[in-house]
Amino acid sequence: MKGDLGGAARLGAGPEVSIEGRLPFLIGAVLLAFGIFAVRLFQLQILQGEEFEGIAQGNAVRLVRLEAPRGDILDREGRVLAATRPAFGVSVMPSDLRSPERTTAALGMLLDAEPEALVERIGTPRGRRRFQPVRLAADLPFDHWGRVESHRFELPGVLTDVRPRRHYVEGELSAHLLGTIGEISADQLRTAKHAGYRAGEVIGRSGIERLLESHLRGRAGGRNVVVDVAGRVVGEPLDEREPAPGGIVTLTIDRDLQRAAEEGFEPDVLGEPGKRGALVALDPRTGDVLALVSKPSFDPNAFAGGIDAVTWKALVTDDWRPLQNRAVAGQYPPGSIYKPVMALAALAAGVVTPQDRFFCPGHFRLGRRVYRCWRRGGHGEVDLREALKQSCDVYFYQVGLQLGIDRIADFARAFQLGSATGFPFGDEKPGLVPTRRWKERRFSEPWQKGETVSASIGQGFSLVTPMQMAVAYAALANGGVILEPRVVLESVSRDGEVVAAGNPTVRGQLSVAPEYLRVVRDALEASVAEPHGTGVRAQVRGVRVAGKTGTAQVVRLKHTEDLEQDEIPIRHRDHAWFVGFAPVDAPEIVVAVLVEHGGHGGAAAAPIAHKVLARYFEKQRRDAVPAVAVAEDSDAGG
Amino acid sequence: MRGVDRRAFQNFDGVLFGLVTGLVVVGLVNLASATHTDAGTSDALRRQLLSLGLGVVALAATVAFDYRHYERLALPLYVGSLALLGLTLVVAPLTRGSQSWLIEGRLQPAELAKLGMVLALARYFHRNPAGQVRRVRDLLRPALLIALPVGLIVLQRDMGVALLTLMVGSTYVALVRIPKRAWVAVALAGVAALAAIWIFGLQSYQRERVLDVVDPGRDPLASGYQVNQSRIAVGSGGLFGKGYREGTQSQLRFLPTQHTDFAFSVLAEEWGFAGSVLVLGAYAMLLIWGLVIASKAKDGFGAMLAVGVVGMLFWPAVLNVGMVLGVLPVIGVPLPFISYGGSALVTNLVAVGLLMNVSLRRWVF
């Protein structure tokens, strides 16, 4: 150290030694600093290397979900009712917008939209939000989308996409059957059942869409892509799994019959609101639902892309409740369509024979009350066949009183009335079969005889659904077998596994002698086929049709009794029923029609049943024609 | 003079030349990767090559004359660089939030000022040997030599460079011999001065601004992001790295300012622990070699010059690598030879030229 002084004294002459004493210290400082860096590098790259590699990969590799199309829903003849179509969307990546004003102006022109609205939609996202696309349109007309697509390179930051979207080909047709879809709810996402779902995914909310969700839902595919810091995809995907479309479901529905049925509810006069009510057509041999209508209806397509608040509010607040499936959830007094049940009950109980006659003067007196027959002048002397054919109330008042309410109820239950038919969706209601016990429990009042009189003609407390009546009449038609209605003919799972509807599910068997069933069927045929029958408007040329009309009182008001139906406020008008089947000797189709506040069953409901039956047999004839033609040809040839 | 030159070239310093060439090549290769796009050679790489050419010429020119002539030039150069800094304050447009870029961003006067300051300090400590400084009072004049450029750079609101310049100047403190009590006094005075300035000297908005400027991201939220992404880039490199141009963090631009401040992250990601240690090792060797040159210098000025040059290369490396590895706060200081930046490259090559000059002429006489 002393040398330093000497060295310094010799300013500029000879080697300077002032550094040398400090050299180890300075080199030590360099080694210390770089040693720390080496240790730090070892820590980051060797000890934590794998961890950071994972993070880096998470940064750069992103799984892009590829939505799978839902499976198609077909009618029984393989015609598409619900399919999947491409929905064309346009989004904007705020971070990539070079000149927002020019872009929004151009987009406005291409999309036929107000540029101001677009600007508002995009907003001014900051930070990482700028890297998240803002969706401007999810379902554009193809030509609009095509215009954007073809200008995409002049519009940096504008993204186009095509996603699968549910499409109900026939619009409102069979809306209550097909059902609706929607985004999975937060509550559903929390349940174990929906473990495989992600937020924002589509799920069946009602109808077939919900019932067969597991079949219809496709398996989403995925694509691992490399993205840069802005989330832009770079280069080719690393790997890809194609989405698997959902399975195909074939319904028991016949589109032609469904269409005929829905046409039946169209207004008589153009511009008036359509008729309200429900229709069920069943195959009495299998329980296959051939058509199911509930009116008013809705367009399920409105739900396909997420329903907007206004439409939704309109649907749920509508007084006529278009979302309700009236065929299974609508409970109505049966009125006269109850009479065949009464007739069978009376025959089975031995209360009457088919030959027993009652006199109908047009009214029936019980104590101080007078019960009217619907025909003021009366039907005169009637037996069971005439009573059913002309729907004589007085006949059934007397039969009902002889049976008593509990025996009536027992028999109604044998028809599975008062309990759900087993229809798999639509919030099915059980209806109501009143008994003494029921009334005491419900009202703490004893049963009145007059209430039995009302019940005998399907009035009073009794409530049924159109589906229940279709099932009951199917039993009349098929020899007393209560079948469970079914809507799915066949479903093919995603993996190609076919599940076909097997044998019909039998829920009960009426214990009545076959000849009694024959008697009732014969009377119901007369009701449609013969003059003075109430159901003549259900006739189909060349086909033996049996059926029964019903006119169910909604309110019993003194002041309306003498009024014509169209003079009464609509909410107070009677419900119109018709339930029938054909051909009588070997029934293939049962149709139950209810027109809410439609007035007389014979006038309002029977014509709708006629349309469906006519279409059914017209199709059958048409299908049979080639066979006949061939036969004729061979005859000619022979 | 001719004879002298011949002798000088016989003493050509191959170690110094080799290390610097190696680092420059690594820097260019790394820059090519960091700025790689499908569009071919990047503008940044082309500009850096241009600066390299300029720097080599400047280096050659620096070596050509005996460094002892520079002692006379030291003060004029120092004053000139200060004037340039002052000029920048007046005319330079506001760029990147600070005013240090002159002539359309092609020349950073602060870089030149560092060089001028080192020359001036070398001259001062040559005349007043650092080893003889035993009183705090003796440090006031060199402190002033440091304070002037630092102050001007602070006025330009380039806190990173100001801090760096301060540290480069302070390198000479390592050589002085003041008593331990005096060290404590210096340290306390420094802390007190900083605290006083912080509390009384600055308005709260100025404090915010200082904090903002100290933080090169200017956006407080962004600085955490930078450090984090840099750590991920470095760590994911592993032992041997992901391979040239295969770094996902860098190629997909998750790294911020990856060709300038975070160039070393790119290198560490693509070449791994092995590559990083090799480069840092070369860097450490260069610094140590510089110290050896200083210790063997023929005269005091040469030794002081060499120490100054080592300081010029040591401090930015420490600040930069420390930031990249997440052990020091984020201060926007480029890594010499590796980071993109023309002014810095030319200045660093001139500094190397000075070192080489001292090394070449240690046997002369």
# chains A, B, ... in the order shown; residues from 1 in each chain; ligands from 1
call {"tool": "interface_residues", "arguments": {"of": "chain B", "to": "chain A", "cutoff": "8 Å", "atoms": "only C-alpha atoms", "output": "number ranges by chain"}}
result
B: 126-127, 129-132, 174-175, 231-239, 248-249, 252-254, 272-273, 276-277, 280-281, 284, 287-288, 291-292, 294-301, 303, 314, 318, 321-322, 325
call {"tool": "write_last_selection", "arguments": {"atoms": "C-alpha atoms", "output": "compact mmCIF listing (two decimals), in the first residue's frame"}}
result
# COMPACT_ATOMS: atom_id res chain seq x y z
CA HIS B 126 -4.86 10.65 -12.72
CA ARG B 127 -3.91 14.08 -11.47
CA PRO B 129 -4.61 9.75 -7.55
CA ALA B 130 -7.55 7.98 -6.06
CA GLY B 131 -5.26 6.07 -3.78
CA GLN B 132 -4.31 9.34 -2.14
CA ALA B 174 -13.88 1.79 -5.00
CA LEU B 175 -10.34 3.07 -5.42
CA ARG B 231 -38.90 -15.01 -15.48
CA ILE B 232 -41.13 -17.42 -17.37
CA ALA B 233 -39.02 -16.99 -20.51
CA VAL B 234 -35.75 -17.54 -18.67
CA GLY B 235 -37.01 -20.42 -16.54
CA SER B 236 -38.65 -22.25 -19.42
CA GLY B 237 -35.31 -22.32 -21.20
CA GLY B 238 -34.15 -25.14 -18.97
CA LEU B 239 -30.69 -26.60 -19.33
CA THR B 248 -42.32 -19.34 -27.44
CA GLN B 249 -42.22 -16.46 -25.00
CA LEU B 252 -45.00 -15.02 -29.72
CA ARG B 253 -44.17 -11.65 -28.19
CA PHE B 254 -45.15 -12.44 -24.64
CA GLY B 272 -30.89 -22.29 -21.78
CA PHE B 273 -28.68 -22.40 -18.71
CA SER B 276 -26.64 -18.05 -20.54
CA VAL B 277 -23.77 -19.07 -18.30
CA LEU B 280 -22.33 -14.24 -18.76
CA GLY B 281 -18.98 -16.00 -18.27
CA ALA B 284 -17.29 -11.53 -16.61
CA LEU B 287 -14.63 -7.21 -17.23
CA ILE B 288 -11.84 -9.00 -15.38
CA LEU B 291 -9.27 -4.77 -14.75
CA VAL B 292 -6.09 -6.64 -15.59
CA ALA B 294 -6.00 -1.36 -15.83
CA SER B 295 -3.58 -2.88 -13.39
CA LYS B 296 -0.94 -3.28 -16.07
CA ALA B 297 -1.48 0.13 -17.61
CA LYS B 298 1.66 2.13 -18.27
CA ASP B 299 0.44 5.24 -16.47
CA GLY B 300 -2.23 6.53 -14.13
CA PHE B 301 -4.45 7.96 -16.84
CA ALA B 303 -5.33 2.77 -15.52
CA PHE B 314 -20.16 -3.57 -15.52
CA VAL B 318 -25.61 -5.82 -13.47
CA VAL B 321 -29.33 -8.98 -16.00
CA GLY B 322 -30.56 -8.35 -12.47
CA LEU B 325 -33.68 -12.42 -13.70
call {"tool": "residues_around", "arguments": {"residues": "Lys242 in chain B", "least_positions_apart": "5", "cutoff": "7 Å", "atoms": "only C-alpha atoms", "output": "list in words"}}
result
Gly237, Gly247, Glu269, Glu270 and Trp271 of chain B
call {"tool": "residues_around", "arguments": {"residues": "range 445-459 of chain A", "least_positions_apart": "5", "cutoff": "9 Å", "atoms": "only C-alpha atoms", "output": "JSON, numbers by chain"}}
result
{"A": [333, 334, 335, 336, 337, 338, 339, 342, 366, 367, 369, 371, 393, 396, 397, 398, 399, 400, 401, 404, 405, 408, 434, 435, 436, 437, 439, 440, 550, 552, 553]}
call {"tool": "closest_residue", "arguments": {"among": "B:Gly302, B:Pro316, B:Pro336, B:Pro142", "to": "His69 in chain B", "atoms": "only C-alpha atoms"}}
result
B:Gly302
call {"tool": "residues_around", "arguments": {"residues": "Ala282 in chain B", "least_positions_apart": "3", "cutoff": "8 Å", "atoms": "only C-alpha atoms", "output": "JSON, numbers by chain"}}
result
{"B": [19, 23, 278, 279, 285, 286]}
call {"tool": "write_last_selection", "arguments": {"atoms": "N, CA and C atoms", "output": "mmCIF file, in the first residue's frame"}}
result
data_model
loop_
_atom_site.group_PDB
_atom_site.id
_atom_site.type_symbol
_atom_site.label_atom_id
_atom_site.label_comp_id
_atom_site.auth_asym_id
_atom_site.auth_seq_id
_atom_site.Cartn_x
_atom_site.Cartn_y
_atom_site.Cartn_z
ATOM 1 N N LEU B 19 -13.149 -11.697 -27.028
ATOM 2 C CA LEU B 19 -14.324 -11.636 -26.148
ATOM 3 C C LEU B 19 -15.368 -10.660 -26.686
ATOM 4 N N LEU B 23 -19.133 -11.476 -28.056
ATOM 5 C CA LEU B 23 -20.355 -10.888 -27.487
ATOM 6 C C LEU B 23 -21.161 -10.151 -28.550
ATOM 7 N N LEU B 278 -22.546 -19.352 -20.368
ATOM 8 C CA LEU B 278 -21.433 -19.122 -21.280
ATOM 9 C C LEU B 278 -21.312 -17.628 -21.601
ATOM 10 N N VAL B 279 -22.416 -17.000 -21.937
ATOM 11 C CA VAL B 279 -22.399 -15.583 -22.307
ATOM 12 C C VAL B 279 -22.027 -14.725 -21.101
ATOM 13 N N MET B 285 -15.426 -12.398 -17.899
ATOM 14 C CA MET B 285 -14.030 -12.455 -18.317
ATOM 15 C C MET B 285 -13.588 -11.142 -18.940
ATOM 16 N N LEU B 286 -14.484 -10.562 -19.753
ATOM 17 C CA LEU B 286 -14.176 -9.278 -20.381
ATOM 18 C C LEU B 286 -13.914 -8.213 -19.318
#
call {"tool": "residues_around", "arguments": {"residues": "Leu166 in chain B", "least_positions_apart": "5", "cutoff": "10 Å", "atoms": "only C-alpha atoms", "output": "PDB file with C-alpha atoms, in the first residue's frame"}}
result
ATOM      1  CA  LYS B 114     -21.062   8.791 -20.046  1.00  0.00           C
ATOM      2  CA  ALA B 143     -18.697  14.353  -7.328  1.00  0.00           C
ATOM      3  CA  ILE B 146     -20.600  13.195 -11.945  1.00  0.00           C
ATOM      4  CA  ALA B 147     -23.470  15.360 -10.752  1.00  0.00           C
ATOM      5  CA  PRO B 149     -24.380  15.018 -16.461  1.00  0.00           C
ATOM      6  CA  VAL B 150     -26.539  13.057 -14.020  1.00  0.00           C
ATOM      7  CA  GLY B 151     -28.494  16.182 -13.198  1.00  0.00           C
ATOM      8  CA  GLY B 160     -32.695   4.718 -15.587  1.00  0.00           C
ATOM      9  CA  VAL B 161     -29.815   6.250 -17.518  1.00  0.00           C
ATOM     10  CA  THR B 171     -16.921   3.161  -9.750  1.00  0.00           C
ATOM     11  CA  TRP B 315     -23.049  -1.482 -14.190  1.00  0.00           C
TER      12      TRP B 315
END
call {"tool": "residues_around", "arguments": {"residues": "Ser33 in chain B", "least_positions_apart": "4", "cutoff": "10 Å", "atoms": "only C-alpha atoms", "output": "PyMOL selection string"}}
result
chain B and resi 27-29+37+41-42+45+244-247+250-251+259+263+266-267+270
call {"tool": "atom_distance", "arguments": {"atom1": "CA of Val333 in chain B", "atom2": "CA of Leu164 in chain B"}}
result
7.7 Å
call {"tool": "closest_residue", "arguments": {"among": "B:Tyr70, B:Arg47, B:Asn11, B:Ala351", "to": "Trp363 in chain B", "atoms": "only C-alpha atoms"}}
result
B:Asn11
call {"tool": "residues_around", "arguments": {"residues": "Gly378 in chain A", "least_positions_apart": "2", "cutoff": "12 Å", "atoms": "only C-alpha atoms", "output": "list in words"}}
result
Phe358, Phe359, Cys360, Pro361, Gly362, His363, Phe364, Tyr371, Arg372, Cys373, Trp374, Arg375, Arg376, Gly380, Glu381, Val382, Ala387, Gln390, Ser391, Cys392, Asp393, Val394 and Tyr395 of chain A
call {"tool": "write_last_selection", "arguments": {"atoms": "C-alpha atoms", "output": "PDB file, in the first residue's frame"}}
result
ATOM      1  CA  PHE A 358    -134.913 -44.263 -20.404  1.00  0.00           C
ATOM      2  CA  PHE A 359    -137.284 -41.436 -21.248  1.00  0.00           C
ATOM      3  CA  CYS A 360    -135.743 -38.021 -21.843  1.00  0.00           C
ATOM      4  CA  PRO A 361    -138.204 -35.130 -21.591  1.00  0.00           C
ATOM      5  CA  GLY A 362    -135.404 -32.613 -21.920  1.00  0.00           C
ATOM      6  CA  HIS A 363    -134.786 -32.269 -18.217  1.00  0.00           C
ATOM      7  CA  PHE A 364    -134.255 -34.290 -15.070  1.00  0.00           C
ATOM      8  CA  TYR A 371    -131.001 -30.698 -14.589  1.00  0.00           C
ATOM      9  CA  ARG A 372    -131.413 -29.975 -18.221  1.00  0.00           C
ATOM     10  CA  CYS A 373    -130.587 -32.104 -21.210  1.00  0.00           C
ATOM     11  CA  TRP A 374    -128.602 -30.209 -23.830  1.00  0.00           C
ATOM     12  CA  ARG A 375    -131.593 -30.618 -26.147  1.00  0.00           C
ATOM     13  CA  ARG A 376    -134.396 -28.634 -24.635  1.00  0.00           C
ATOM     14  CA  GLY A 380    -137.728 -39.208 -25.960  1.00  0.00           C
ATOM     15  CA  GLU A 381    -137.193 -42.925 -25.349  1.00  0.00           C
ATOM     16  CA  VAL A 382    -133.454 -43.712 -25.666  1.00  0.00           C
ATOM     17  CA  ALA A 387    -128.016 -41.993 -25.691  1.00  0.00           C
ATOM     18  CA  GLN A 390    -127.225 -38.155 -29.480  1.00  0.00           C
ATOM     19  CA  SER A 391    -125.332 -37.480 -26.267  1.00  0.00           C
ATOM     20  CA  CYS A 392    -128.469 -37.560 -24.160  1.00  0.00           C
ATOM     21  CA  ASP A 393    -127.730 -36.081 -20.753  1.00  0.00           C
ATOM     22  CA  VAL A 394    -130.848 -37.330 -18.992  1.00  0.00           C
ATOM     23  CA  TYR A 395    -129.998 -40.976 -19.750  1.00  0.00           C
TER      24      TYR A 395
END
call {"tool": "closest_residue", "arguments": {"among": "A:Arg85, A:Pro267, A:Ala199, A:Gly287", "to": "Ala68 in chain A", "atoms": "only C-alpha atoms"}}
result
A:Arg85
call {"tool": "atom_distance", "arguments": {"atom1": "CA of Asp254 in chain A", "atom2": "CA of Tyr168 in chain A"}}
result
15.6 Å
call {"tool": "select_by_dssp", "arguments": {"residues": "range 11-113 of chain B", "states": "helix (DSSP H, G or I)", "output": "PyMOL selection string"}}
result
chain B and resi 14-34+43-64+68-91+109-113
call {"tool": "atom_distance", "arguments": {"atom1": "CA of Arg70 in chain A", "atom2": "CA of Val134 in chain A"}}
result
25.4 Å
call {"tool": "select_by_dssp", "arguments": {"residues": "range 360-591 of chain A", "states": "strand (DSSP E or B)", "output": "ChimeraX atom specification"}}
result
/A:360,363-366,369-372,380-382,432,463-464,481-483,486,488-492,498-500,506-509,540,543,546-552,575-582,589-591
